[in-house]
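Trainee: This is the structure I want to talk about, given as structure tokens.
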Amino acid sequence: LIDKIDYKPDLSIIDIGVGPGYSLVKIAGKFPDAKITGIDPSPEMIQLAKSKISNINNPNVNLIVGETPNLPFDSNLYSYVLLANVIYFWDDPIKHLIEINRVLKQNGSILIYFTGKKSLSERISEADGVFKMYCPDQVSEMLLASGYKNVTCAAILRKIGQSGYIITGIKC
């Protein structure tokens with residue numbers, strides 16, 4: 001997802017579901033002047049992320065406990081929103097995607113990565129009640145229904161037999 005980010009002045013990025021913060025270190029290394037926010041519903045994950053970013057000493061990186069659909073940010077704030085392996089956990093994806101649209105700047109981009117339904121179902125069952133699996137067409141349709149335009153999808157082969165997708169959209 002990070003390779004899809006284009007540098008521009010006043011670049012601002014939010015990583016929703018930041019987990020232990022591996023992505024923040026990479027983002028801050030590539031875009032040291034960008035305003036970078038990581039948000040996760042788990043205080044434990046935020047603590048792990050804080051320990052990761054403490055080594056990079058970048059005052060532009062901020063971590064917050066929280067989640068969609070109630071983001072504690074003003075509207076039109078971020079150039080990019082990143083979501084990696086997050087969409088499976090949402091009860092109402094459209095509601096979450098609309099909230100993300102709110103915090104994106106005009107023509108800002110949402111970048112979503114998720115493991116494909118077939119690959120994920122080989123390891124995890126939807127019956128556990130935690131994961132909701134999607135096909136790329138479903139996620140693309142959700143973005144369109146949530147007010148995004150120029151929705152694109154690219155297949156990614158991460159490991160032998162494990163496929164994933166990067167789906168992007170632009171705030172209208």
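Identifiers for the structure tokens are assigned positionally: chains receive A, B, ... in sequence, residues are indexed from 1 per chain, and ligands are indexed from 1 in the order shown.
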Check the DSSP output for the backbone and give back, as a ChimeraX atom specification, the residues of chain A in strand (DSSP E).

Mentor: /A:12-16,35-40,61-65,78-84,104-115,148-159,162-171

Trainee: Could you pull the residues within 8 Å of Ile87 (chain A), counting only C-alpha atoms, minus those fewer than 4 positions along the same chain, as an MDAnalysis selection string?

Mentor: chainID A and resid 83 93 114 132

Trainee: Within 8 Å of region 101-111 of chain A, counting only C-alpha atoms, which residues show up once you throw out same-chain ones fewer than 6 positions away? Write them as number ranges by chain, please.

Mentor: A: 1, 4, 73-83, 146-148, 166-172

Trainee: Just to confirm, what's the straight-line distance from CA of Tyr134 (chain A) to CA of Arg158 (chain A) in Å (one decimal)?

Mentor: 17.1 Å

Trainee: Could you write out, as a PyMOL selection string, all the residues of region 20-89 of chain A that DSSP marks as alpha helix (DSSP H)?

Mentor: chain A and resi 22-30+43-53

Trainee: Could you tell me how far CA of Pro69 (chain A) sits from CA of Asp40 (chain A), in Å to one decimal place?

Mentor: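 Pair CA of Asp40 (chain A) / CA of Pro69 (chain A) returns 12.0 Å.
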
Trainee: Might you pull out every residue within 7 Å of region 47-60 of chain A, with only C-alpha atoms counted and same-chain residues fewer than 4 positions away left off, and present them as a compact mmCIF listing (two decimals) with N, CA and C atoms, in the first residue's frame?

Mentor:
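Saved as around_26.txt:
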# COMPACT_ATOMS: atom_id res chain seq x y z
N GLY A 19 -2.26 -1.84 14.15
CA GLY A 19 -1.63 -2.99 14.78
C GLY A 19 -0.35 -2.61 15.49
N PRO A 20 0.70 -3.43 15.38
CA PRO A 20 1.94 -3.16 16.11
C PRO A 20 2.83 -2.08 15.49
N GLY A 21 2.41 -1.48 14.39
CA GLY A 21 3.11 -0.30 13.88
C GLY A 21 4.18 -0.52 12.83
N VAL A 25 6.55 2.69 10.65
CA VAL A 25 7.99 2.84 10.51
C VAL A 25 8.35 2.99 9.04
N ASP A 33 8.49 13.95 6.36
CA ASP A 33 7.84 15.23 6.63
C ASP A 33 6.31 15.13 6.67
N ALA A 34 5.77 13.97 6.36
CA ALA A 34 4.32 13.80 6.32
C ALA A 34 3.74 13.75 7.72
N LYS A 35 2.49 14.20 7.84
CA LYS A 35 1.73 14.02 9.08
C LYS A 35 1.18 12.60 9.02
N ILE A 36 1.56 11.77 9.99
CA ILE A 36 1.21 10.35 9.98
C ILE A 36 0.48 10.00 11.27
N PRO A 43 -5.69 -0.94 22.81
CA PRO A 43 -4.63 -0.22 23.52
C PRO A 43 -3.30 -1.00 23.51

Trainee: Kindly indicate which residue among A:Asp3, A:Asp137, A:Ala84, A:Ala145 lies nearest to Gly38 (chain A), using only C-alpha atoms for the distances.

Mentor: A:Ala84

Trainee: From the options A:Cys153, A:Val65, A:Ile27, A:Val86, which residue's atoms come nearest to Ile46 (chain A), counting only C-alpha atoms?

Mentor: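 Among the listed residues, the smallest separation from Ile46 (chain A) belongs to A:Val65.
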
Trainee: With distances taken over only C-alpha atoms, which residue among A:Ile39, A:Ala28, A:Met45, A:Ile13 lies nearest Asn70 (chain A)?

Mentor: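 Ranked by minimum distance to Asn70 (chain A), first place goes to A:Ile39.
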
Trainee: So what do you get for CA of Met133 (chain A) versus CA of Tyr22 (chain A), distance-wise?

Mentor: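 Result for CA of Met133 (chain A) versus CA of Tyr22 (chain A): 23.7 Å, one decimal.
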